[in-house]
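Chemist: File follows, start.pdb with PDB, C-alpha atoms:
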ATOM      1  CA  MET A   1     123.417 136.207  83.586
ATOM      2  CA  ASN A   2     122.388 138.477  86.451
ATOM      3  CA  ASP A   3     121.939 137.109  89.960
ATOM      4  CA  THR A   4     118.178 136.903  90.602
ATOM      5  CA  ARG A   5     118.225 135.943  94.268
ATOM      6  CA  GLY A   6     116.510 139.157  95.375
ATOM      7  CA  ALA A   7     114.027 139.167  92.492
ATOM      8  CA  ASP A   8     110.276 138.829  92.942
ATOM      9  CA  ASP A   9     108.594 135.533  92.211
ATOM     10  CA  VAL A  10     107.133 135.321  88.729
ATOM     11  CA  LEU A  11     105.455 132.829  86.403
ATOM     12  CA  VAL A  12     105.640 133.007  82.616
ATOM     13  CA  ARG A  13     103.466 131.277  80.032
ATOM     14  CA  GLY A  14     104.465 130.549  76.480
ATOM     15  CA  ILE A  15     103.908 128.425  73.400
ATOM     16  CA  ALA A  16     106.517 126.857  71.158
ATOM     17  CA  TRP A  17     106.778 125.068  67.834
ATOM     18  CA  GLY A  18     103.714 126.665  66.279
ATOM     19  CA  GLY A  19     101.487 125.749  69.216
ATOM     20  CA  GLY A  20     102.771 122.194  69.530
ATOM     21  CA  LEU A  21     104.107 122.870  73.028
ATOM     22  CA  ARG A  22     102.491 124.713  75.926
ATOM     23  CA  ALA A  23     105.062 125.967  78.435
ATOM     24  CA  PHE A  24     105.053 127.324  81.988
ATOM     25  CA  ALA A  25     108.043 128.297  84.114
ATOM     26  CA  ALA A  26     108.222 129.951  87.520
ATOM     27  CA  ARG A  27     110.648 131.382  90.041
ATOM     28  CA  THR A  28     109.187 130.671  93.501
ATOM     29  CA  THR A  29     112.097 131.469  95.826
ATOM     30  CA  ARG A  30     110.154 133.893  98.026
ATOM     31  CA  LEU A  31     107.116 131.607  98.158
ATOM     32  CA  ALA A  32     109.213 128.631  99.286
ATOM     33  CA  GLY A  33     111.049 130.861 101.770
ATOM     34  CA  GLU A  34     107.782 132.174 103.217
ATOM     35  CA  LEU A  35     106.478 128.622 103.657
ATOM     36  CA  GLN A  36     109.738 127.653 105.366
ATOM     37  CA  ARG A  37     109.519 130.587 107.783
ATOM     38  CA  ARG A  38     105.848 130.129 108.619
ATOM     39  CA  HIS A  39     106.048 126.401 109.247
ATOM     40  CA  GLY A  40     109.620 126.108 110.527
ATOM     41  CA  THR A  41     110.375 123.331 108.054
ATOM     42  CA  TYR A  42     113.680 121.481 108.210
ATOM     43  CA  PRO A  43     115.681 121.290 104.933
ATOM     44  CA  THR A  44     114.216 118.084 103.446
ATOM     45  CA  ALA A  45     110.686 119.168 104.351
ATOM     46  CA  THR A  46     111.443 122.629 102.907
ATOM     47  CA  ALA A  47     112.461 121.089  99.575
ATOM     48  CA  ALA A  48     109.384 118.841  99.414
ATOM     49  CA  LEU A  49     106.890 121.589 100.326
ATOM     50  CA  GLY A  50     108.630 124.082  98.026
ATOM     51  CA  ARG A  51     108.477 121.678  95.074
ATOM     52  CA  ALA A  52     104.799 120.933  95.683
ATOM     53  CA  ALA A  53     103.968 124.644  96.024
ATOM     54  CA  THR A  54     105.819 125.420  92.780
ATOM     55  CA  ALA A  55     103.846 122.748  90.918
ATOM     56  CA  GLY A  56     100.636 124.067  92.465
ATOM     57  CA  ALA A  57     101.431 127.628  91.369
ATOM     58  CA  MET A  58     101.942 126.542  87.752
ATOM     59  CA  MET A  59      98.815 124.364  87.774
ATOM     60  CA  GLY A  60      96.888 127.327  89.196
ATOM     61  CA  ALA A  61      98.028 129.364  86.195
ATOM     62  CA  MET A  62      96.193 126.867  83.960
ATOM     63  CA  LEU A  63      92.895 127.896  85.593
ATOM     64  CA  LYS A  64      90.681 130.917  84.899
ATOM     65  CA  GLY A  65      88.795 133.530  86.900
ATOM     66  CA  ASP A  66      87.823 132.359  90.390
ATOM     67  CA  GLU A  67      88.795 128.739  89.786
ATOM     68  CA  ARG A  68      91.148 127.156  92.324
ATOM     69  CA  LEU A  69      92.743 123.824  93.061
ATOM     70  CA  THR A  70      94.098 121.775  95.930
ATOM     71  CA  VAL A  71      96.978 119.328  95.626
ATOM     72  CA  GLN A  72      97.358 116.606  98.271
ATOM     73  CA  ILE A  73     100.366 114.310  98.365
ATOM     74  CA  LYS A  74      99.852 111.422 100.772
ATOM     75  CA  GLY A  75     102.951 109.246 100.840
ATOM     76  CA  ASP A  76     104.181 106.695 103.353
ATOM     77  CA  GLY A  77     107.264 108.730 104.321
ATOM     78  CA  PRO A  78     107.818 110.659 107.568
ATOM     79  CA  LEU A  79     106.503 113.956 106.131
ATOM     80  CA  GLY A  80     102.931 112.683 106.207
ATOM     81  CA  GLN A  81     100.613 114.734 103.999
ATOM     82  CA  ILE A  82     101.603 117.744 101.870
ATOM     83  CA  VAL A  83      98.725 120.094 100.968
ATOM     84  CA  VAL A  84      98.904 123.041  98.558
ATOM     85  CA  ASP A  85      96.119 125.446  97.527
ATOM     86  CA  ALA A  86      96.506 127.680  94.466
ATOM     87  CA  ASN A  87      94.328 129.858  92.253
ATOM     88  CA  ALA A  88      94.408 131.504  88.837
ATOM     89  CA  SER A  89      95.741 134.772  90.314
ATOM     90  CA  GLY A  90      99.098 133.350  91.432
ATOM     91  CA  GLU A  91      98.135 133.079  95.115
ATOM     92  CA  VAL A  92      99.505 129.963  96.812
ATOM     93  CA  ARG A  93      99.496 128.512 100.317
ATOM     94  CA  GLY A  94     100.509 125.134 101.710
ATOM     95  CA  TYR A  95     101.632 123.018 104.636
ATOM     96  CA  VAL A  96     103.125 119.663 105.507
ATOM     97  CA  ASP A  97     101.941 117.455 108.386
ATOM     98  CA  ASN A  98     105.405 116.973 109.884
ATOM     99  CA  PRO A  99     107.587 120.020 109.080
ATOM    100  CA  GLN A 100     110.558 118.967 111.212
ATOM    101  CA  VAL A 101     111.761 116.192 108.903
ATOM    102  CA  HIS A 102     115.339 116.129 107.653
ATOM    103  CA  LEU A 103     116.987 113.002 106.252
ATOM    104  CA  PRO A 104     120.585 112.169 105.295
ATOM    105  CA  SER A 105     121.431 113.052 101.681
ATOM    106  CA  ASN A 106     120.530 110.514  98.995
ATOM    107  CA  ALA A 107     123.011 108.626  96.795
ATOM    108  CA  GLN A 108     123.389 111.690  94.535
ATOM    109  CA  GLY A 109     124.303 113.878  97.506
ATOM    110  CA  LYS A 110     120.962 115.728  97.253
ATOM    111  CA  LEU A 111     118.168 116.287  99.759
ATOM    112  CA  ASP A 112     116.249 113.004 100.023
ATOM    113  CA  VAL A 113     112.798 114.292  99.107
ATOM    114  CA  ALA A 114     111.638 110.843  97.935
ATOM    115  CA  GLY A 115     112.620 109.340 101.277
ATOM    116  CA  ALA A 116     110.702 112.045 103.131
ATOM    117  CA  VAL A 117     107.584 111.876 100.927
ATOM    118  CA  GLY A 118     107.629 108.097 100.545
ATOM    119  CA  ARG A 119     107.484 105.977  97.422
ATOM    120  CA  ASN A 120     104.022 104.554  98.085
ATOM    121  CA  GLY A 121     100.814 106.532  98.302
ATOM    122  CA  TYR A 122      98.795 108.870  96.114
ATOM    123  CA  LEU A 123      98.842 112.335  94.570
ATOM    124  CA  TYR A 124      95.384 113.935  94.504
ATOM    125  CA  VAL A 125      94.248 117.040  92.629
ATOM    126  CA  VAL A 126      90.874 118.658  93.334
ATOM    127  CA  LYS A 127      89.814 121.539  91.071
ATOM    128  CA  ASP A 128      86.964 123.885  91.944
ATOM    129  CA  LEU A 129      85.874 125.021  88.488
ATOM    130  CA  GLY A 130      82.619 126.617  89.637
ATOM    131  CA  LEU A 131      80.600 123.570  88.592
ATOM    132  CA  LYS A 132      78.210 121.539  90.736
ATOM    133  CA  GLU A 133      80.896 119.000  91.561
ATOM    134  CA  PRO A 134      84.661 119.634  91.721
ATOM    135  CA  TYR A 135      86.998 117.789  89.359
ATOM    136  CA  ARG A 136      88.986 115.098  91.179
ATOM    137  CA  GLY A 137      92.015 113.269  89.845
ATOM    138  CA  SER A 138      94.459 110.923  91.531
ATOM    139  CA  VAL A 139      97.484 108.822  90.621
ATOM    140  CA  PRO A 140      99.824 106.578  92.588
ATOM    141  CA  ILE A 141     103.124 108.114  93.661
ATOM    142  CA  VAL A 142     105.752 106.830  91.227
ATOM    143  CA  SER A 143     108.984 108.156  92.729
ATOM    144  CA  GLY A 144     108.335 110.580  95.590
ATOM    145  CA  GLU A 145     110.663 113.146  93.971
ATOM    146  CA  LEU A 146     107.466 115.006  92.929
ATOM    147  CA  GLY A 147     108.583 116.169  89.465
ATOM    148  CA  GLU A 148     108.095 112.643  88.103
ATOM    149  CA  ASP A 149     104.890 112.282  90.110
ATOM    150  CA  PHE A 150     103.303 115.392  88.589
ATOM    151  CA  THR A 151     104.526 114.269  85.146
ATOM    152  CA  TYR A 152     102.680 110.984  85.674
ATOM    153  CA  TYR A 153      99.589 112.811  86.934
ATOM    154  CA  PHE A 154      99.293 114.912  83.765
ATOM    155  CA  ALA A 155      99.833 111.914  81.465
ATOM    156  CA  SER A 156      97.517 109.563  83.351
ATOM    157  CA  SER A 157      94.774 111.748  84.836
ATOM    158  CA  GLU A 158      94.588 114.596  82.310
ATOM    159  CA  GLN A 159      95.847 112.658  79.241
ATOM    160  CA  THR A 160      98.397 115.390  78.509
ATOM    161  CA  PRO A 161     101.976 114.183  77.928
ATOM    162  CA  SER A 162     104.096 116.562  80.014
ATOM    163  CA  ALA A 163     107.541 117.134  81.453
ATOM    164  CA  VAL A 164     107.654 118.644  84.952
ATOM    165  CA  GLY A 165     110.827 119.965  86.564
ATOM    166  CA  LEU A 166     110.866 121.204  90.174
ATOM    167  CA  GLY A 167     113.778 122.384  92.302
ATOM    168  CA  VAL A 168     114.486 123.967  95.694
ATOM    169  CA  LEU A 169     118.013 124.841  96.800
ATOM    170  CA  VAL A 170     118.262 125.124 100.591
ATOM    171  CA  GLU A 171     120.961 127.249 102.248
ATOM    172  CA  PRO A 172     123.206 125.787 104.997
ATOM    173  CA  ASP A 173     121.228 127.888 107.519
ATOM    174  CA  GLY A 174     117.969 126.267 106.361
ATOM    175  CA  GLY A 175     116.654 129.202 104.318
ATOM    176  CA  VAL A 176     115.736 128.966 100.634
ATOM    177  CA  ARG A 177     118.396 130.118  98.161
ATOM    178  CA  HIS A 178     116.439 129.312  95.009
ATOM    179  CA  ALA A 179     113.184 127.619  94.029
ATOM    180  CA  GLY A 180     111.420 127.216  90.721
ATOM    181  CA  GLY A 181     110.063 124.865  88.122
ATOM    182  CA  PHE A 182     108.671 124.293  84.653
ATOM    183  CA  ILE A 183     105.826 122.360  83.030
ATOM    184  CA  LEU A 184     106.018 121.568  79.316
ATOM    185  CA  GLN A 185     102.939 120.038  77.707
ATOM    186  CA  LEU A 186     102.731 118.414  74.285
ATOM    187  CA  MET A 187      99.676 119.522  72.316
ATOM    188  CA  PRO A 188      97.859 117.509  69.628
ATOM    189  CA  GLY A 189      99.669 117.689  66.304
ATOM    190  CA  VAL A 190     103.164 118.230  67.715
ATOM    191  CA  GLU A 191     105.786 116.824  65.353
ATOM    192  CA  GLU A 192     107.930 113.799  66.237
ATOM    193  CA  LYS A 193     111.135 115.735  65.517
ATOM    194  CA  ASP A 194     110.134 118.322  68.120
ATOM    195  CA  ILE A 195     109.384 115.624  70.696
ATOM    196  CA  ALA A 196     112.808 114.089  70.074
ATOM    197  CA  ARG A 197     114.430 117.517  70.354
ATOM    198  CA  LEU A 198     112.708 118.169  73.684
ATOM    199  CA  GLU A 199     113.694 114.765  75.085
ATOM    200  CA  GLN A 200     117.315 115.457  74.185
ATOM    201  CA  ARG A 201     117.198 118.930  75.744
ATOM    202  CA  LEU A 202     115.747 117.557  78.987
ATOM    203  CA  LYS A 203     118.469 114.888  79.064
ATOM    204  CA  GLU A 204     121.229 117.481  78.651
ATOM    205  CA  MET A 205     119.716 120.024  81.020
ATOM    206  CA  PRO A 206     121.713 120.855  84.183
ATOM    207  CA  GLN A 207     119.953 120.704  87.552
ATOM    208  CA  LEU A 208     117.174 123.306  87.615
ATOM    209  CA  THR A 209     118.540 124.862  90.807
ATOM    210  CA  SER A 210     121.968 125.153  89.134
ATOM    211  CA  LEU A 211     120.367 127.213  86.353
ATOM    212  CA  LEU A 212     118.601 129.421  88.898
ATOM    213  CA  ASP A 213     121.823 129.752  90.888
ATOM    214  CA  ARG A 214     123.677 131.130  87.882
ATOM    215  CA  GLY A 215     120.941 133.710  87.325
ATOM    216  CA  GLU A 216     118.723 132.113  84.717
ATOM    217  CA  THR A 217     115.133 133.421  84.648
ATOM    218  CA  PRO A 218     111.890 131.559  83.888
ATOM    219  CA  GLU A 219     111.988 133.066  80.372
ATOM    220  CA  SER A 220     115.567 132.006  79.704
ATOM    221  CA  ILE A 221     114.868 128.488  81.017
ATOM    222  CA  LEU A 222     111.999 128.150  78.532
ATOM    223  CA  ARG A 223     114.225 129.446  75.744
ATOM    224  CA  TYR A 224     116.889 126.911  76.704
ATOM    225  CA  LEU A 225     114.397 124.023  76.695
ATOM    226  CA  THR A 226     112.917 124.974  73.299
ATOM    227  CA  ASP A 227     116.178 125.967  71.565
ATOM    228  CA  GLY A 228     114.949 129.550  71.582
ATOM    229  CA  ASP A 229     111.794 128.721  69.646
ATOM    230  CA  VAL A 230     109.277 129.987  72.221
ATOM    231  CA  GLN A 231     106.815 132.846  72.261
ATOM    232  CA  ILE A 232     106.254 134.252  75.765
ATOM    233  CA  LEU A 233     102.537 135.056  76.038
ATOM    234  CA  ASP A 234     102.379 136.689  79.462
ATOM    235  CA  SER A 235     103.705 136.703  82.997
ATOM    236  CA  MET A 236     102.232 137.163  86.458
ATOM    237  CA  PRO A 237     103.490 137.497  90.033
ATOM    238  CA  ILE A 238     103.413 134.481  92.353
ATOM    239  CA  ALA A 239     102.944 135.042  96.090
ATOM    240  CA  PHE A 240     102.019 133.332  99.327
ATOM    241  CA  LYS A 241      98.488 134.276 100.366
ATOM    242  CA  CYS A 242      96.189 132.655 102.898
ATOM    243  CA  GLN A 243      92.413 133.113 102.804
ATOM    244  CA  CYS A 244      91.953 132.641 106.545
ATOM    245  CA  SER A 245      90.560 135.484 108.674
ATOM    246  CA  ARG A 246      89.064 135.987 112.122
ATOM    247  CA  ASP A 247      85.624 136.282 110.532
ATOM    248  CA  ARG A 248      86.017 132.891 108.819
ATOM    249  CA  VAL A 249      87.201 131.271 112.048
ATOM    250  CA  GLU A 250      84.195 132.746 113.892
ATOM    251  CA  ARG A 251      81.844 131.258 111.276
ATOM    252  CA  THR A 252      83.556 127.887 111.682
ATOM    253  CA  LEU A 253      83.139 127.995 115.455
ATOM    254  CA  VAL A 254      79.457 128.930 115.115
ATOM    255  CA  SER A 255      78.957 126.025 112.699
ATOM    256  CA  MET A 256      80.283 123.610 115.370
ATOM    257  CA  GLY A 257      76.950 124.014 117.128
ATOM    258  CA  GLU A 258      75.704 124.782 120.616
ATOM    259  CA  GLU A 259      76.952 121.668 122.405
ATOM    260  CA  GLU A 260      80.583 121.991 121.342
ATOM    261  CA  LEU A 261      80.681 125.732 122.025
ATOM    262  CA  GLN A 262      79.103 125.205 125.442
ATOM    263  CA  ALA A 263      81.715 122.548 126.213
ATOM    264  CA  LEU A 264      84.519 124.934 125.187
ATOM    265  CA  ILE A 265      83.141 127.631 127.495
ATOM    266  CA  GLU A 266      82.713 125.283 130.459
ATOM    267  CA  GLU A 267      85.940 123.278 130.104
ATOM    268  CA  ASP A 268      88.467 125.857 128.887
ATOM    269  CA  GLY A 269      86.789 129.242 129.015
ATOM    270  CA  ARG A 270      88.768 130.158 125.877
ATOM    271  CA  ALA A 271      89.709 128.839 122.451
ATOM    272  CA  GLU A 272      92.689 129.139 120.142
ATOM    273  CA  VAL A 273      92.379 128.161 116.497
ATOM    274  CA  THR A 274      95.518 127.889 114.372
ATOM    275  CA  CYS A 275      95.344 127.909 110.572
ATOM    276  CA  HIS A 276      97.097 124.888 109.036
ATOM    277  CA  PHE A 277      98.149 126.889 105.997
ATOM    278  CA  CYS A 278      99.723 129.992 107.502
ATOM    279  CA  ASN A 279     100.123 129.192 111.221
ATOM    280  CA  SER A 280      98.176 132.312 112.213
ATOM    281  CA  ALA A 281      96.554 131.824 115.634
ATOM    282  CA  TYR A 282      93.134 133.268 116.491
ATOM    283  CA  GLU A 283      92.278 133.539 120.192
ATOM    284  CA  PHE A 284      88.788 133.841 121.700
ATOM    285  CA  ASP A 285      88.068 134.600 125.372
ATOM    286  CA  ARG A 286      85.017 133.483 127.330
ATOM    287  CA  ASP A 287      82.916 136.547 126.449
ATOM    288  CA  GLU A 288      83.622 136.117 122.745
ATOM    289  CA  LEU A 289      82.713 132.429 122.904
ATOM    290  CA  VAL A 290      79.452 133.288 124.701
ATOM    291  CA  GLY A 291      78.654 135.713 121.866
ATOM    292  CA  LEU A 292      79.330 132.977 119.278
ATOM    293  CA  LEU A 293      77.126 130.578 121.256
ATOM    294  CA  GLU A 294      74.291 133.127 121.039
ATOM    295  CA  GLN A 295      74.820 133.294 117.263
ATOM    296  CA  ALA A 296      74.676 129.495 117.029
ATOM    297  CA  ARG A 297      71.413 129.453 119.023
ATOM    298  CA  SER A 298      69.763 132.160 116.950
ATOM    299  CA  LYS A 299      70.893 130.457 113.746
ATOM    300  CA  LYS A 300      69.317 127.212 114.925
ATOM    301  CA  HIS A 301      65.966 128.896 115.491
ATOM    302  CA  THR A 302      65.807 130.881 112.250
TER     303      THR A 302
END
Starting from the file, lay out its structure as structure tokens.

Modeler:
Amino acid sequence: MNDTRGADDVLVRGIAWGGGLRAFAARTTRLAGELQRRHGTYPTATAALGRAATAGAMMGAMLKGDERLTVQIKGDGPLGQIVVDANASGEVRGYVDNPQVHLPSNAQGKLDVAGAVGRNGYLYVVKDLGLKEPYRGSVPIVSGELGEDFTYYFASSEQTPSAVGLGVLVEPDGGVRHAGGFILQLMPGVEEKDIARLEQRLKEMPQLTSLLDRGETPESILRYLTDGDVQILDSMPIAFKCQCSRDRVERTLVSMGEEELQALIEEDGRAEVTCHFCNSAYEFDRDELVGLLEQARSKKHT
């Protein structure tokens, strides 16, 4: 296989076994690397955030149009909360409460993601489907490794038996060498022999990051998992993208109201707002804050 380390991030969708299996696979190396750079995550935190972002990207691909979702993983480990936003266009952003977490390797000699996430807590998924109320689902964390936790989420909250594989390979210097994942979902009417075949394939499968390291692509990983019996339907790019902007931050400050803006002006004479998701900082001097205060006042009286 060719080395794909410099390749763009991509997600592919497919079906197998006459529609009995729905399949998604993604290479998210650049996405995980961008998250690492923006948040300065240490290796274990990098792996956890990269896995969550990969799952979020694939779940976003299950949406349509302007629909979007937010994944929150709240475990009792030192990472605190992991939050990932994704949409149907392959745009993903995310952060972790405590990015500078790195633990000793686990018993398998791998990054101890479960230790960093914690083995107690909840995984939440909120989907904005353009309806009056968003869809909300939650399940207890079952392992903290995240692949198993998303597998449990699909089976329990969405009643879709699934297999989720997530992997992030971190370089000695802390950068991301490879990241990717797959979601395989059993559809109604799938045959028992195909289920048994898939279980065996998953059991025999090398580490996902090992496959990526030897140059396997999302397409070839799906072919491997289905014994070649997969039809690739389409593919799309995956990329980090944050929706924050100065205009949005200004609207947020105005919505704080007169009292809080007045206090900012009197106490600090300036404000700096940092976006959780991308770490972009927006600075406002006294004159700008006075202008926003005027907006808040006029809004109140209209």

Chemist: For the PyMOL selection byres ((chain A and resi 10) around 6), applied here, can you spell out every residue it catches as JSON, numbers by chain?

Modeler: {"A": [9, 11, 26, 27, 236, 237, 238]}

Chemist: Can I get the selection written as an mmCIF file, keeping the file's coordinate frame, with C-alpha atoms?

Modeler:
data_model
loop_
_atom_site.group_PDB
_atom_site.id
_atom_site.type_symbol
_atom_site.label_atom_id
_atom_site.label_comp_id
_atom_site.auth_asym_id
_atom_site.auth_seq_id
_atom_site.Cartn_x
_atom_site.Cartn_y
_atom_site.Cartn_z
ATOM 1 C CA ASP A 9 108.594 135.533 92.211
ATOM 2 C CA LEU A 11 105.455 132.829 86.403
ATOM 3 C CA ALA A 26 108.222 129.951 87.520
ATOM 4 C CA ARG A 27 110.648 131.382 90.041
ATOM 5 C CA MET A 236 102.232 137.163 86.458
ATOM 6 C CA PRO A 237 103.490 137.497 90.033
ATOM 7 C CA ILE A 238 103.413 134.481 92.353
#

Chemist: Using only C-alpha atoms, which of A:Ala296, A:Ala179, A:Leu186, A:Ala52 sits nearest Leu253 of chain A?

Modeler: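 Checking each of A:Ala296, A:Ala179, A:Leu186, A:Ala52 against Leu253 of chain A, counting only C-alpha atoms, the winner is A:Ala296.
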
Chemist: Anything within 10 Å of (86.9, 127.2, 87.9): list those residues as a list in words, counting all atoms listed in the file and sticking to the file's coordinates.

Modeler: Leu63, Lys64, Gly65, Asp66, Glu67, Arg68, Leu69, Asn87, Ala88, Lys127, Asp128, Leu129, Gly130, Leu131, Pro134 and Tyr135 of chain A

Chemist: Measuring atom to atom with all atoms listed in the file, identify which of A:Gly77, A:Gly137, A:Gly147, A:Pro161 is nearest to Gly118 of chain A.

Modeler: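 Using all atoms listed in the file, Gly118 of chain A sits closest to A:Gly77.
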
Chemist: What is the atom CA of Leu261 of chain A to atom CA of Cys278 of chain A distance in Å?

Modeler: 24.3 Å

Chemist: For the provided coordinates, the residues matched by the PyMOL selection byres ((chain A and resi 201) around 12) should be stated as a PyMOL selection string.

Modeler: chain A and resi 163+194-200+202-206+221-228

Chemist: List the spatial neighbours of Thr54 of chain A as a PyMOL selection string - criterion: any atom at most 12 Å away, all atoms listed in the file, same-chain residues fewer than 6 positions off excluded.

Modeler: chain A and resi 9-11+24-33+35+46-48+60-61+71+84-86+90-94+146-147+150+164-168+178-183+238-240

Chemist: Please dump the current selection as a short mmCIF file (atom, residue, chain, number, x, y, z; two decimals), keeping the file's coordinate frame; keep C-alpha atoms.

Modeler:
data_model
loop_
_atom_site.label_atom_id
_atom_site.label_comp_id
_atom_site.auth_asym_id
_atom_site.auth_seq_id
_atom_site.Cartn_x
_atom_site.Cartn_y
_atom_site.Cartn_z
CA ASP A 9 108.59 135.53 92.21
CA VAL A 10 107.13 135.32 88.73
CA LEU A 11 105.46 132.83 86.40
CA PHE A 24 105.05 127.32 81.99
CA ALA A 25 108.04 128.30 84.11
CA ALA A 26 108.22 129.95 87.52
CA ARG A 27 110.65 131.38 90.04
CA THR A 28 109.19 130.67 93.50
CA THR A 29 112.10 131.47 95.83
CA ARG A 30 110.15 133.89 98.03
CA LEU A 31 107.12 131.61 98.16
CA ALA A 32 109.21 128.63 99.29
CA GLY A 33 111.05 130.86 101.77
CA LEU A 35 106.48 128.62 103.66
CA THR A 46 111.44 122.63 102.91
CA ALA A 47 112.46 121.09 99.58
CA ALA A 48 109.38 118.84 99.41
CA GLY A 60 96.89 127.33 89.20
CA ALA A 61 98.03 129.36 86.20
CA VAL A 71 96.98 119.33 95.63
CA VAL A 84 98.90 123.04 98.56
CA ASP A 85 96.12 125.45 97.53
CA ALA A 86 96.51 127.68 94.47
CA GLY A 90 99.10 133.35 91.43
CA GLU A 91 98.14 133.08 95.12
CA VAL A 92 99.50 129.96 96.81
CA ARG A 93 99.50 128.51 100.32
CA GLY A 94 100.51 125.13 101.71
CA LEU A 146 107.47 115.01 92.93
CA GLY A 147 108.58 116.17 89.46
CA PHE A 150 103.30 115.39 88.59
CA VAL A 164 107.65 118.64 84.95
CA GLY A 165 110.83 119.96 86.56
CA LEU A 166 110.87 121.20 90.17
CA GLY A 167 113.78 122.38 92.30
CA VAL A 168 114.49 123.97 95.69
CA HIS A 178 116.44 129.31 95.01
CA ALA A 179 113.18 127.62 94.03
CA GLY A 180 111.42 127.22 90.72
CA GLY A 181 110.06 124.86 88.12
CA PHE A 182 108.67 124.29 84.65
CA ILE A 183 105.83 122.36 83.03
CA ILE A 238 103.41 134.48 92.35
CA ALA A 239 102.94 135.04 96.09
CA PHE A 240 102.02 133.33 99.33
#

Chemist: Would you compute the distance between atom CA of Gly20 of chain A and atom CA of Val190 of chain A? Give it in Å to one decimal.

Modeler: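 Going from atom CA of Gly20 of chain A over to atom CA of Val190 of chain A covers 4.4 Å.
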
Chemist: Between A:Val101, A:Leu233, A:Cys275, A:Val125, which is the closest to Ala16 of chain A once you count all atoms listed in the file?

Modeler: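 Looking at the shortest contact to Ala16 of chain A, the residue is A:Leu233.
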
Chemist: Would you mind putting N, CA and C atoms back on segment 16-28 of chain A and writing the result as a JSON list (two decimals), in the frame of the given file?

Modeler:
[["chain", "number", "residue", "atom", "x", "y", "z"],
["A", 16, "ALA", "N", 105.37, 127.10, 72.03],
["A", 16, "ALA", "CA", 106.52, 126.86, 71.16],
["A", 16, "ALA", "C", 106.10, 125.96, 70.00],
["A", 17, "TRP", "N", 106.94, 125.97, 68.98],
["A", 17, "TRP", "CA", 106.78, 125.07, 67.83],
["A", 17, "TRP", "C", 105.39, 125.18, 67.20],
["A", 18, "GLY", "N", 104.99, 126.44, 66.96],
["A", 18, "GLY", "CA", 103.71, 126.66, 66.28],
["A", 18, "GLY", "C", 102.51, 126.18, 67.06],
["A", 19, "GLY", "N", 102.61, 126.19, 68.39],
["A", 19, "GLY", "CA", 101.49, 125.75, 69.22],
["A", 19, "GLY", "C", 101.56, 124.29, 69.61],
["A", 20, "GLY", "N", 102.63, 123.61, 69.19],
["A", 20, "GLY", "CA", 102.77, 122.19, 69.53],
["A", 20, "GLY", "C", 103.19, 121.95, 70.96],
["A", 21, "LEU", "N", 103.66, 123.01, 71.65],
["A", 21, "LEU", "CA", 104.11, 122.87, 73.03],
["A", 21, "LEU", "C", 103.56, 124.03, 73.85],
["A", 22, "ARG", "N", 102.94, 123.70, 74.97],
["A", 22, "ARG", "CA", 102.49, 124.71, 75.93],
["A", 22, "ARG", "C", 103.50, 124.72, 77.07],
["A", 23, "ALA", "N", 103.95, 125.90, 77.49],
["A", 23, "ALA", "CA", 105.06, 125.97, 78.44],
["A", 23, "ALA", "C", 104.78, 126.93, 79.58],
["A", 24, "PHE", "N", 105.15, 126.50, 80.78],
["A", 24, "PHE", "CA", 105.05, 127.32, 81.99],
["A", 24, "PHE", "C", 106.38, 127.22, 82.72],
["A", 25, "ALA", "N", 106.85, 128.33, 83.26],
["A", 25, "ALA", "CA", 108.04, 128.30, 84.11],
["A", 25, "ALA", "C", 107.88, 129.34, 85.21],
["A", 26, "ALA", "N", 108.43, 129.05, 86.39],
["A", 26, "ALA", "CA", 108.22, 129.95, 87.52],
["A", 26, "ALA", "C", 109.46, 130.03, 88.39],
["A", 27, "ARG", "N", 109.69, 131.21, 88.95],
["A", 27, "ARG", "CA", 110.65, 131.38, 90.04],
["A", 27, "ARG", "C", 109.81, 131.56, 91.31],
["A", 28, "THR", "N", 110.04, 130.69, 92.30],
["A", 28, "THR", "CA", 109.19, 130.67, 93.50],
["A", 28, "THR", "C", 110.03, 130.75, 94.77]]
